[in-house]
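Remarks on the structure that follows.
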Number of protein chains: 2
Amino acid sequence: MAGVVARTYHPRAMPAQRTRKIAVLHTLLRAGDVRRLRRSLLRQDDVQIASQLDNLDVEDRLRVLQLLPADRRPEVLEAMRYEAAAVLVAQLAPEEAANLLDDMDADDAVDILGRVEEERLQQILGRLDQDDANELEDLLAYDENTAGGMMSPQYFRVLPSATVGDGLMMIQDEEEPPETAFYMYVVDVDDRLIGVCSLRMLVISRPSQKIRDIMERDLVKVTADTDQEDVAEIVSRYDLVALPVVDEYDVMLGVIDVDDVVDVIREEATEDILKMAGAGEDLAESRTFAGSFRVRWRWLLAAAAGGTTAALSLSGFDSALASVPALAFFMPVVAGMGGNVGMQSSTIVVRGLAVGFVEASRVRRLVVREVSLGASLGLLYGLLIAGASVWVGDGEQPWRLGTVVMLGTAGSMTIASAVGTCTPLVLDRFNVDPAVATGPFVTTSVDVIGLIFYFWLATVLMGV
Amino acid sequence: MAGVVARTYHPRAMPAQRTRKIAVLHTLLRAGDVRRLRRSLLRQDDVQIASQLDNLDVEDRLRVLQLLPADRRPEVLEAMRYEAAAVLVAQLAPEEAANLLDDMDADDAVDILGRVEEERLQQILGRLDQDDANELEDLLAYDENTAGGMMSPQYFRVLPSATVGDGLMMIQDEEEPPETAFYMYVVDVDDRLIGVCSLRMLVISRPSQKIRDIMERDLVKVTADTDQEDVAEIVSRYDLVALPVVDEYDVMLGVIDVDDVVDVIREEATEDILKMAGAGEDLAESRTFAGSFRVRWRWLLAAAAGGTTAALSLSGFDSALASVPALAFFMPVVAGMGGNVGMQSSTIVVRGLAVGFVEASRVRRLVVREVSLGASLGLLYGLLIAGASVWVGDGEQPWRLGTVVMLGTAGSMTIASAVGTCTPLVLDRFNVDPAVATGPFVTTSVDVIGLIFYFWLATVLMGV
């Protein structure tokens, strides 16, 4: 990719918000106006086109791609979302796909190819130069959610015995420089990473100086199996622009550029948000009816099973209900308040764990605070809602109904805070992603436990 | 900040995950072991210390800061979360705070000072050199959530008539180079941004060449009032390492470095997640009981009001309940299934809007898909849950109860999908952050509407 300077961006003509709203390509495609479509493509930069392609059907993506000049196609493909680009690549003739991928940075090519099905992948790799195909296959072997899956094998490498002049010459001679070539990595004869030298350092040093005398020896690096969330955390904490990846013997494997980390952070946040609501892991899954149905029905199963269990458990309280029907009216608010406060607690814990805000050593304090919060909020709202219940309420025992609603709400909210706080903590302790089960699990278990408590209170206090 | 190479990071000794779990400082502080504390500080790098300070009480933060060598203090402060650093700075003597801030990058200093209360802020600024104080005050005038609030006023600037040699000399002569000095910005005599030149470009060009002949004229830039979410979107889409900020006349104001964007993206994701659950906007708010209570009780008010309204509305159906108490058992599952599917829809739409996945021009298709999904899932689960209701059910009219539960579930889930999809779309249309009201609003309105529909069905179909 040509880097920061290769594209025009006029902020007044196109704030990011606007881009999304004016889907020019979509409109022109519908009108079938090829001439205006071509003109519109000329006026837009690669990123503007890519962000519209992301939201088109695959046939439309193909049509637009064919209309683009050949030299812009790899750039546009690189700027697309990986999933969208992969769907497009899978539709191309293997020969054509190989040509496009050949002109891309290896790390971006791998991110796309990793989403293409095996048979098609092999056809595409077969059309590539043997060396390039091997390089891509090596990269594809890494889990895409690890440092290995994010790194690029292209970077500047230099021996400590070289001079600053040698280093500068290397940069001057490189025809296809790495994506963001701001650092030169210093390796020993066994390819072990021993230091780093910034381009700025080279520029301010005398050409005759040895690299070993100007290099920085203390550096931040990760092993290839480091999880991408940890990579994001490290890059964010250390304010890095590039992060070298090594194997267990410190042998240099590649470099992660910050722009890939930016994508990962956004992707991870989306994944967490969707998981918490039980809506899958990827927005792309929700693009089609079938995809959405497949992802969501499973999540709802837990809620349905829990709700049905609740219904069966509550059926034991039918005599209480028969004698005080008003009890039923307050079921939704008792359960709902619990569900809401439980979601608050679990969200704070899940996100806190994700960004390092919750520390395992201080968990007890967190649980105590959340539960006492739930209880306090429960008392506050219990009183308010009980007021309403006395007003509506049961002719014979208005104050007793009020007491049941108040204690029921307070109890349900206390229980919900405890469940909402502890569930993600326990999942995290057992190395299960806390975002996964939090939402549906908390809501459903809070419904069941809160309502049983509520009816139990009613039988005890109202003697029904 | 010294940049990428100034810190040691040993991946095996400290994956990010581990850091959080081993709160060494906290343990040593509790033990009051100053000697081991000092040794531990020597062994850790600035970022490791900062990430622990973030999670300490303000008194403990102060104690650790005093134990650090004076030259490490600004670095550690810079690596802390801004809120945590601001609390710490506010506790220091103004003189001391000014000394620390003086050694920091202006953009980081501003991010911290913007969170310090006015009176204390003025005291600190008063202790600074007049020029520095003016620079900081200018930056503080920008909204912290805009490009202006994120930019740094330190960057390399060059005239187009200068030579490559002049440019290289400028870099060599600069004693305090900007944070990430990979680009040189080309401005005309009126300080208007006309091009950019990468350090690499300088290195590969002949020293006698004019900057105007090698500079890139097409560049991505934003105005100072651009929202930080749009900045993140642009940096992510264009794979930028630095983004210049200009005023309406294209006059250069500053540069946003990618590492600040990384922080913004994480922060925005946290904000969205918390808002959706009605748990505030910032994890720091939930650190104390009082702070948490203040943020959360307001969000719960909507749920309580909605729930109470539901209770009052349902009280009209007391005769139905009295004759078929089993209707009540299925209230939680009917409402809960609606709430769950509604949260799925609204989450997909809210996140889709945030990352540009939802396009306004294709909203109708989205609504149709979500509502038909809700209806399909509703029929599926309606049938399953109705099966359970027939089994539990009412002795006299088991099939009628089943029909009510089935249609009630399907209806509630269809309504919930519609509300969950349309609420964020409408809020977005009126430029209200769709994440704000989505969670509580959707859950509560779905409860009310879904249950009224359920009881209405019961009165019609069961003749009660």
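Lettering and numbering for the structure tokens are positional, with chains as A, B, ... in the shown order, residues counted from 1 in each chain, and ligands counted from 1 in the shown order.
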
For region 361-375 of chain B, list every protein, DNA or RNA residue within 6 Å, evaluated using only C-alpha atoms, and leave out those in the same chain fewer than 4 positions away; present the list as an mmCIF file with N, CA, C and O atoms, in the first residue's frame.
```cif
data_model
loop_
_atom_site.group_PDB
_atom_site.id
_atom_site.type_symbol
_atom_site.label_atom_id
_atom_site.label_comp_id
_atom_site.auth_asym_id
_atom_site.auth_seq_id
_atom_site.Cartn_x
_atom_site.Cartn_y
_atom_site.Cartn_z
ATOM 1 N N ALA B 410 -44.737 -15.149 19.767
ATOM 2 C CA ALA B 410 -44.417 -14.708 18.406
ATOM 3 C C ALA B 410 -44.656 -13.212 18.252
ATOM 4 O O ALA B 410 -43.828 -12.486 17.686
ATOM 5 N N MET B 413 -42.062 -11.142 20.198
ATOM 6 C CA MET B 413 -40.745 -11.141 19.561
ATOM 7 C C MET B 413 -40.747 -10.316 18.267
ATOM 8 O O MET B 413 -39.751 -9.667 17.932
ATOM 9 N N THR B 414 -41.863 -10.340 17.557
ATOM 10 C CA THR B 414 -41.942 -9.524 16.339
ATOM 11 C C THR B 414 -41.921 -8.037 16.686
ATOM 12 O O THR B 414 -41.169 -7.252 16.112
ATOM 13 N N SER B 417 -38.432 -6.988 17.815
ATOM 14 C CA SER B 417 -37.473 -6.780 16.718
ATOM 15 C C SER B 417 -37.707 -5.434 16.066
ATOM 16 O O SER B 417 -36.759 -4.720 15.736
ATOM 17 N N ALA B 418 -38.985 -5.112 15.873
ATOM 18 C CA ALA B 418 -39.300 -3.836 15.224
ATOM 19 C C ALA B 418 -38.827 -2.676 16.095
ATOM 20 O O ALA B 418 -38.140 -1.757 15.618
#
```

Tell me, as a CSV table (one decimal) with all heavy atoms, in the first residue's frame, which residues lie within 10 Å of region 281-291 of chain A, counting only C-alpha atoms; anything in the same chain fewer than 3 positions away does not count.
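After the write, out-v1.csv holds the following:
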```csv
chain,number,residue,atom,x,y,z
A,54,ASP,N,-18.0,-2.8,0.6
A,54,ASP,CA,-18.3,-3.6,1.8
A,54,ASP,C,-19.8,-3.8,1.9
A,54,ASP,O,-20.2,-4.9,2.4
A,54,ASP,CB,-17.8,-2.9,3.0
A,54,ASP,CG,-16.3,-3.0,3.2
A,54,ASP,OD1,-15.7,-3.8,2.5
A,54,ASP,OD2,-15.7,-2.3,4.0
A,55,ASN,N,-20.6,-2.9,1.5
A,55,ASN,CA,-22.0,-2.9,1.8
A,55,ASN,C,-22.8,-3.3,0.6
A,55,ASN,O,-24.0,-3.2,0.5
A,55,ASN,CB,-22.5,-1.6,2.3
A,55,ASN,CG,-22.1,-1.4,3.8
A,55,ASN,OD1,-22.1,-2.3,4.6
A,55,ASN,ND2,-21.6,-0.2,4.1
A,57,ASP,N,-23.9,-6.2,-2.6
A,57,ASP,CA,-24.0,-7.7,-2.8
A,57,ASP,C,-22.8,-8.1,-3.6
A,57,ASP,O,-22.1,-7.3,-4.3
A,57,ASP,CB,-25.2,-8.0,-3.7
A,57,ASP,CG,-26.5,-7.6,-3.0
A,57,ASP,OD1,-26.5,-7.7,-1.8
A,57,ASP,OD2,-27.5,-7.2,-3.7
A,81,ARG,N,-13.3,-4.5,4.1
A,81,ARG,CA,-13.3,-5.4,5.2
A,81,ARG,C,-12.8,-6.8,4.7
A,81,ARG,O,-13.2,-7.2,3.6
A,81,ARG,CB,-14.7,-5.5,5.8
A,81,ARG,CG,-15.2,-4.3,6.5
A,81,ARG,CD,-16.7,-4.4,6.8
A,81,ARG,NE,-17.0,-5.7,7.3
A,81,ARG,CZ,-17.1,-6.1,8.5
A,81,ARG,NH1,-16.8,-5.2,9.5
A,81,ARG,NH2,-17.4,-7.3,8.9
A,83,GLU,N,-13.7,-9.8,5.4
A,83,GLU,CA,-14.8,-10.8,5.1
A,83,GLU,C,-15.3,-10.5,3.7
A,83,GLU,O,-15.5,-11.4,2.9
A,83,GLU,CB,-15.9,-10.8,6.1
A,83,GLU,CG,-15.6,-11.3,7.5
A,83,GLU,CD,-14.9,-10.2,8.3
A,83,GLU,OE1,-14.9,-9.0,7.9
A,83,GLU,OE2,-14.3,-10.6,9.3
A,84,ALA,N,-15.6,-9.2,3.5
A,84,ALA,CA,-16.2,-8.8,2.2
A,84,ALA,C,-15.2,-9.0,1.1
A,84,ALA,O,-15.6,-9.5,0.0
A,84,ALA,CB,-16.6,-7.3,2.3
A,267,GLU,N,-12.6,-4.6,15.7
A,267,GLU,CA,-13.2,-5.9,15.5
A,267,GLU,C,-13.5,-6.6,16.9
A,267,GLU,O,-14.6,-7.1,17.1
A,267,GLU,CB,-12.2,-6.7,14.8
A,267,GLU,CG,-12.6,-7.9,14.0
A,267,GLU,CD,-11.4,-8.6,13.4
A,267,GLU,OE1,-10.9,-8.2,12.4
A,267,GLU,OE2,-10.9,-9.6,14.0
A,268,GLU,N,-12.6,-6.5,17.8
A,268,GLU,CA,-12.7,-7.1,19.1
A,268,GLU,C,-13.9,-6.5,19.9
A,268,GLU,O,-14.7,-7.1,20.6
A,268,GLU,CB,-11.5,-7.0,20.0
A,268,GLU,CG,-10.3,-7.9,19.4
A,268,GLU,CD,-10.4,-9.3,20.0
A,268,GLU,OE1,-11.1,-9.6,20.9
A,268,GLU,OE2,-9.6,-10.1,19.4
A,269,ALA,N,-14.0,-5.2,19.8
A,269,ALA,CA,-15.0,-4.4,20.5
A,269,ALA,C,-16.4,-4.9,19.9
A,269,ALA,O,-17.3,-5.1,20.7
A,269,ALA,CB,-14.8,-2.9,20.3
A,270,THR,N,-16.5,-5.0,18.6
A,270,THR,CA,-17.7,-5.4,18.0
A,270,THR,C,-18.1,-6.8,18.4
A,270,THR,O,-19.2,-7.1,18.8
A,270,THR,CB,-17.6,-5.4,16.4
A,270,THR,OG1,-17.3,-4.1,16.0
A,270,THR,CG2,-18.8,-5.9,15.8
A,271,GLU,N,-17.1,-7.7,18.5
A,271,GLU,CA,-17.3,-9.1,18.9
A,271,GLU,C,-17.8,-9.1,20.3
A,271,GLU,O,-18.8,-9.8,20.6
A,271,GLU,CB,-16.0,-9.8,18.8
A,271,GLU,CG,-16.0,-11.3,18.7
A,271,GLU,CD,-14.7,-11.9,18.7
A,271,GLU,OE1,-13.9,-11.6,17.7
A,271,GLU,OE2,-14.3,-12.7,19.6
A,272,ASP,N,-17.2,-8.3,21.2
A,272,ASP,CA,-17.7,-8.3,22.6
A,272,ASP,C,-19.1,-7.8,22.7
A,272,ASP,O,-19.9,-8.4,23.4
A,272,ASP,CB,-16.8,-7.4,23.4
A,272,ASP,CG,-15.5,-8.1,23.9
A,272,ASP,OD1,-15.3,-9.3,23.5
A,272,ASP,OD2,-14.7,-7.5,24.6
A,273,ILE,N,-19.4,-6.7,22.0
A,273,ILE,CA,-20.7,-6.1,22.1
A,273,ILE,C,-21.8,-7.1,21.6
A,273,ILE,O,-22.8,-7.4,22.2
A,273,ILE,CB,-20.8,-4.8,21.3
A,273,ILE,CG1,-19.9,-3.8,21.9
A,273,ILE,CG2,-22.2,-4.4,21.1
A,273,ILE,CD1,-19.8,-2.5,21.1
A,274,LEU,N,-21.5,-7.8,20.4
A,274,LEU,CA,-22.4,-8.7,19.9
A,274,LEU,C,-22.6,-9.9,20.8
A,274,LEU,O,-23.7,-10.4,21.0
A,274,LEU,CB,-22.0,-9.2,18.5
A,274,LEU,CG,-22.0,-8.1,17.4
A,274,LEU,CD1,-21.6,-8.6,16.1
A,274,LEU,CD2,-23.4,-7.4,17.3
A,275,LYS,N,-21.5,-10.4,21.3
A,275,LYS,CA,-21.6,-11.6,22.2
A,275,LYS,C,-22.4,-11.3,23.4
A,275,LYS,O,-23.2,-12.2,23.8
A,275,LYS,CB,-20.2,-12.0,22.6
A,275,LYS,CG,-19.5,-13.0,21.7
A,275,LYS,CD,-18.2,-13.4,22.4
A,275,LYS,CE,-17.2,-14.0,21.4
A,275,LYS,NZ,-15.9,-14.0,22.0
A,276,MET,N,-22.2,-10.1,24.0
A,276,MET,CA,-23.0,-9.8,25.2
A,276,MET,C,-24.5,-9.8,24.9
A,276,MET,O,-25.2,-10.1,25.8
A,276,MET,CB,-22.5,-8.5,25.7
A,276,MET,CG,-21.1,-8.6,26.3
A,276,MET,SD,-20.6,-7.0,27.0
A,276,MET,CE,-21.7,-6.8,28.3
A,277,ALA,N,-24.9,-9.4,23.7
A,277,ALA,CA,-26.3,-9.4,23.4
A,277,ALA,C,-26.8,-10.7,22.8
A,277,ALA,O,-27.9,-10.8,22.4
A,277,ALA,CB,-26.6,-8.2,22.5
A,278,GLY,N,-25.9,-11.7,22.7
A,278,GLY,CA,-26.2,-12.9,22.1
A,278,GLY,C,-26.6,-12.8,20.6
A,278,GLY,O,-27.5,-13.4,20.1
A,294,ARG,N,-29.4,-18.5,11.9
A,294,ARG,CA,-28.5,-19.5,12.4
A,294,ARG,C,-27.8,-19.1,13.7
A,294,ARG,O,-27.7,-19.9,14.6
A,294,ARG,CB,-27.5,-19.9,11.3
A,294,ARG,CG,-26.9,-21.2,11.4
A,294,ARG,CD,-26.2,-21.6,10.1
A,294,ARG,NE,-25.4,-20.5,9.6
A,294,ARG,CZ,-25.5,-20.0,8.4
A,294,ARG,NH1,-26.4,-20.5,7.6
A,294,ARG,NH2,-24.8,-19.0,8.0
A,295,VAL,N,-27.3,-17.9,13.7
A,295,VAL,CA,-26.6,-17.4,14.8
A,295,VAL,C,-27.5,-17.2,16.0
A,295,VAL,O,-27.2,-17.5,17.2
A,295,VAL,CB,-25.9,-16.0,14.5
A,295,VAL,CG1,-25.3,-15.4,15.8
A,295,VAL,CG2,-24.8,-16.3,13.5
A,296,ARG,N,-28.7,-16.6,15.8
A,296,ARG,CA,-29.4,-16.1,16.9
A,296,ARG,C,-30.3,-17.2,17.6
A,296,ARG,O,-30.6,-17.1,18.8
A,296,ARG,CB,-30.3,-15.0,16.4
A,296,ARG,CG,-29.5,-13.8,16.0
A,296,ARG,CD,-30.2,-12.6,16.4
A,296,ARG,NE,-30.1,-11.6,15.3
A,296,ARG,CZ,-31.1,-10.7,15.1
A,296,ARG,NH1,-32.1,-10.7,15.8
A,296,ARG,NH2,-30.9,-9.8,14.1
A,436,VAL,N,-19.2,-14.2,26.4
A,436,VAL,CA,-20.0,-15.2,25.7
A,436,VAL,C,-21.4,-15.4,26.4
A,436,VAL,O,-22.4,-15.1,25.8
A,436,VAL,CB,-19.3,-16.6,25.6
A,436,VAL,CG1,-20.3,-17.6,25.0
A,436,VAL,CG2,-18.1,-16.5,24.8
B,345,SER,N,-31.5,-7.3,18.0
B,345,SER,CA,-31.7,-6.3,16.9
B,345,SER,C,-31.0,-5.0,17.2
B,345,SER,O,-30.3,-4.4,16.3
B,345,SER,CB,-33.2,-6.1,16.6
B,345,SER,OG,-33.8,-7.3,16.2
B,347,THR,N,-28.7,-4.2,19.2
B,347,THR,CA,-27.2,-4.2,19.3
B,347,THR,C,-26.6,-4.2,17.9
B,347,THR,O,-25.6,-3.5,17.6
B,347,THR,CB,-26.8,-5.5,20.0
B,347,THR,OG1,-27.3,-5.4,21.3
B,347,THR,CG2,-25.3,-5.6,20.2
B,348,ILE,N,-27.2,-5.1,17.0
B,348,ILE,CA,-26.7,-5.1,15.6
B,348,ILE,C,-26.8,-3.8,14.9
B,348,ILE,O,-25.8,-3.3,14.3
B,348,ILE,CB,-27.4,-6.2,14.8
B,348,ILE,CG1,-26.8,-7.6,15.3
B,348,ILE,CG2,-27.3,-6.1,13.3
B,348,ILE,CD1,-27.6,-8.8,14.8
B,349,VAL,N,-27.9,-3.1,15.2
B,349,VAL,CA,-28.0,-1.8,14.5
B,349,VAL,C,-27.1,-0.7,15.1
B,349,VAL,O,-26.4,0.0,14.4
B,349,VAL,CB,-29.5,-1.3,14.6
B,349,VAL,CG1,-29.7,0.1,14.0
B,349,VAL,CG2,-30.4,-2.3,13.9
B,351,ARG,N,-24.2,-1.1,16.8
B,351,ARG,CA,-22.8,-1.3,16.4
B,351,ARG,C,-22.6,-1.1,14.9
B,351,ARG,O,-21.6,-0.6,14.5
B,351,ARG,CB,-22.4,-2.7,16.9
B,351,ARG,CG,-20.9,-3.0,16.8
B,351,ARG,CD,-20.1,-2.1,17.7
B,351,ARG,NE,-18.7,-2.1,17.4
B,351,ARG,CZ,-17.8,-1.2,17.8
B,351,ARG,NH1,-18.2,-0.2,18.5
B,351,ARG,NH2,-16.5,-1.4,17.6
B,352,GLY,N,-23.6,-1.6,14.2
B,352,GLY,CA,-23.5,-1.4,12.7
B,352,GLY,C,-23.4,0.1,12.3
B,352,GLY,O,-22.6,0.5,11.5
B,355,VAL,N,-19.8,1.4,13.3
B,355,VAL,CA,-18.6,1.1,12.4
B,355,VAL,C,-18.9,1.2,11.0
B,355,VAL,O,-18.2,0.7,10.1
B,355,VAL,CB,-18.1,-0.4,12.7
B,355,VAL,CG1,-17.7,-0.5,14.2
B,355,VAL,CG2,-19.1,-1.4,12.4
B,357,PHE,N,-21.5,-0.1,9.2
B,357,PHE,CA,-22.0,-1.3,8.6
B,357,PHE,C,-23.4,-1.1,8.1
B,357,PHE,O,-23.9,-1.8,7.2
B,357,PHE,CB,-21.9,-2.5,9.6
B,357,PHE,CG,-21.9,-3.8,8.9
B,357,PHE,CD1,-20.7,-4.3,8.4
B,357,PHE,CD2,-23.0,-4.6,8.9
B,357,PHE,CE1,-20.7,-5.6,7.8
B,357,PHE,CE2,-23.0,-5.9,8.3
B,357,PHE,CZ,-21.8,-6.4,7.8
B,358,VAL,N,-24.1,-0.2,8.8
B,358,VAL,CA,-25.5,0.0,8.4
B,358,VAL,C,-25.5,1.3,7.6
B,358,VAL,O,-25.0,2.3,8.0
B,358,VAL,CB,-26.3,0.3,9.7
B,358,VAL,CG1,-27.7,0.8,9.3
B,358,VAL,CG2,-26.4,-1.0,10.5
B,366,LEU,N,-33.1,-3.5,5.9
B,366,LEU,CA,-32.6,-4.0,7.3
B,366,LEU,C,-33.8,-4.2,8.2
B,366,LEU,O,-34.0,-5.2,8.9
B,366,LEU,CB,-31.7,-2.9,7.9
B,366,LEU,CG,-31.3,-3.0,9.3
B,366,LEU,CD1,-30.3,-4.1,9.4
B,366,LEU,CD2,-30.7,-1.7,9.9
B,368,VAL,N,-37.0,-4.8,7.3
B,368,VAL,CA,-37.7,-5.9,6.9
B,368,VAL,C,-37.1,-7.2,7.3
B,368,VAL,O,-37.7,-8.1,7.8
B,368,VAL,CB,-37.9,-5.9,5.3
B,368,VAL,CG1,-38.5,-7.2,4.8
B,368,VAL,CG2,-38.8,-4.7,4.9
B,369,ARG,N,-35.8,-7.3,7.2
B,369,ARG,CA,-35.1,-8.5,7.5
B,369,ARG,C,-35.2,-8.8,9.1
B,369,ARG,O,-35.5,-9.9,9.5
B,369,ARG,CB,-33.6,-8.4,7.1
B,369,ARG,CG,-32.9,-9.8,7.3
B,369,ARG,CD,-31.4,-9.8,6.9
B,369,ARG,NE,-30.8,-8.8,7.8
B,369,ARG,CZ,-29.9,-7.9,7.3
B,369,ARG,NH1,-29.7,-7.8,6.0
B,369,ARG,NH2,-29.3,-7.0,8.2
B,370,GLU,N,-34.9,-7.7,9.8
B,370,GLU,CA,-35.0,-7.9,11.3
B,370,GLU,C,-36.4,-8.3,11.8
B,370,GLU,O,-36.5,-9.2,12.6
B,370,GLU,CB,-34.5,-6.7,12.0
B,370,GLU,CG,-33.0,-6.4,11.9
B,370,GLU,CD,-32.2,-7.5,12.6
B,370,GLU,OE1,-32.6,-8.0,13.7
B,370,GLU,OE2,-31.2,-7.9,12.1
B,372,SER,N,-38.8,-9.8,10.0
B,372,SER,CA,-39.2,-11.1,9.6
B,372,SER,C,-38.4,-12.1,10.4
B,372,SER,O,-38.9,-13.2,10.7
B,372,SER,CB,-39.0,-11.3,8.1
B,372,SER,OG,-37.7,-11.0,7.7
B,373,LEU,N,-37.1,-11.8,10.8
B,373,LEU,CA,-36.4,-12.7,11.6
B,373,LEU,C,-37.1,-12.8,13.0
B,373,LEU,O,-37.2,-14.0,13.5
B,373,LEU,CB,-35.0,-12.1,11.9
B,373,LEU,CG,-33.8,-12.7,11.3
B,373,LEU,CD1,-32.6,-11.8,11.6
B,373,LEU,CD2,-33.6,-14.1,11.9
```

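Relative to CA of Gly306 (chain A), CA of Thr409 (chain B) is found at 14.4 Å.
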
- Message: Give me, as a ChimeraX atom specification, all polymer residues having an atom no more than 10 Å from Ala320 (chain B), counting only C-alpha atoms and skipping those fewer than 4 positions away in the same chain.
- Response: /A:325 /B:315-316,324-325,327-328,455-456,458-459,462-464

Restricted to C-alpha atoms, what would the selected residues look like written as a PDB file, in the first residue's frame?
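Saved result, result34.pdb, follows:
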```pdb
ATOM      1  CA  PRO A 325     -54.017 -11.691  41.042  1.00  0.00           C
TER       2      PRO A 325
ATOM      3  CA  SER B 315     -54.321  -4.532  36.182  1.00  0.00           C
ATOM      4  CA  GLY B 316     -57.154  -4.172  33.667  1.00  0.00           C
ATOM      5  CA  VAL B 324     -56.645 -18.627  34.136  1.00  0.00           C
ATOM      6  CA  PRO B 325     -53.785 -18.192  36.642  1.00  0.00           C
ATOM      7  CA  LEU B 327     -51.387 -17.087  32.101  1.00  0.00           C
ATOM      8  CA  ALA B 328     -49.179 -15.450  34.700  1.00  0.00           C
ATOM      9  CA  PHE B 455     -53.326 -10.446  27.660  1.00  0.00           C
ATOM     10  CA  TRP B 456     -55.380  -8.977  24.862  1.00  0.00           C
ATOM     11  CA  ALA B 458     -56.055 -14.129  26.144  1.00  0.00           C
ATOM     12  CA  THR B 459     -59.241 -12.121  26.520  1.00  0.00           C
ATOM     13  CA  MET B 462     -60.102 -17.575  25.837  1.00  0.00           C
ATOM     14  CA  GLY B 463     -63.148 -15.430  26.287  1.00  0.00           C
ATOM     15  CA  VAL B 464     -62.137 -14.379  29.789  1.00  0.00           C
TER      16      VAL B 464
END
```

- Non-local contacts of region 207-220 of chain B (10 Å; only C-alpha atoms; under 3 positions in same chain excluded) as an NGL selection string: (:A and (4-11)) or (:B and (158-168 or 184-186 or 193-198 or 201-204 or 234-235 or 238 or 240 or 242-245))

- Task: Might you pull out every residue within 12 Å of Ala311 (chain B), with only C-alpha atoms counted and same-chain residues fewer than 4 positions away left off, and present them as number ranges by chain?
- Result: A: 325-334, 336, 385-386, 388-393, 405; B: 304-307, 315-318, 331, 444, 447-449, 451-452

- Message: Going by DSSP on the backbone, which residues of region 214-418 of chain B come out as helix (DSSP H, G or I)? List them as a PyMOL selection string.
- Response: chain B and resi 214+228-238+258-276+283-287+289-323+326-329+331-354+360-392+398-418

- region 150-398 of chain A: which residues are strand (DSSP E) by DSSP, as number ranges by chain? A: 156-158, 183-187, 193-198, 222-223, 242-246, 252-257
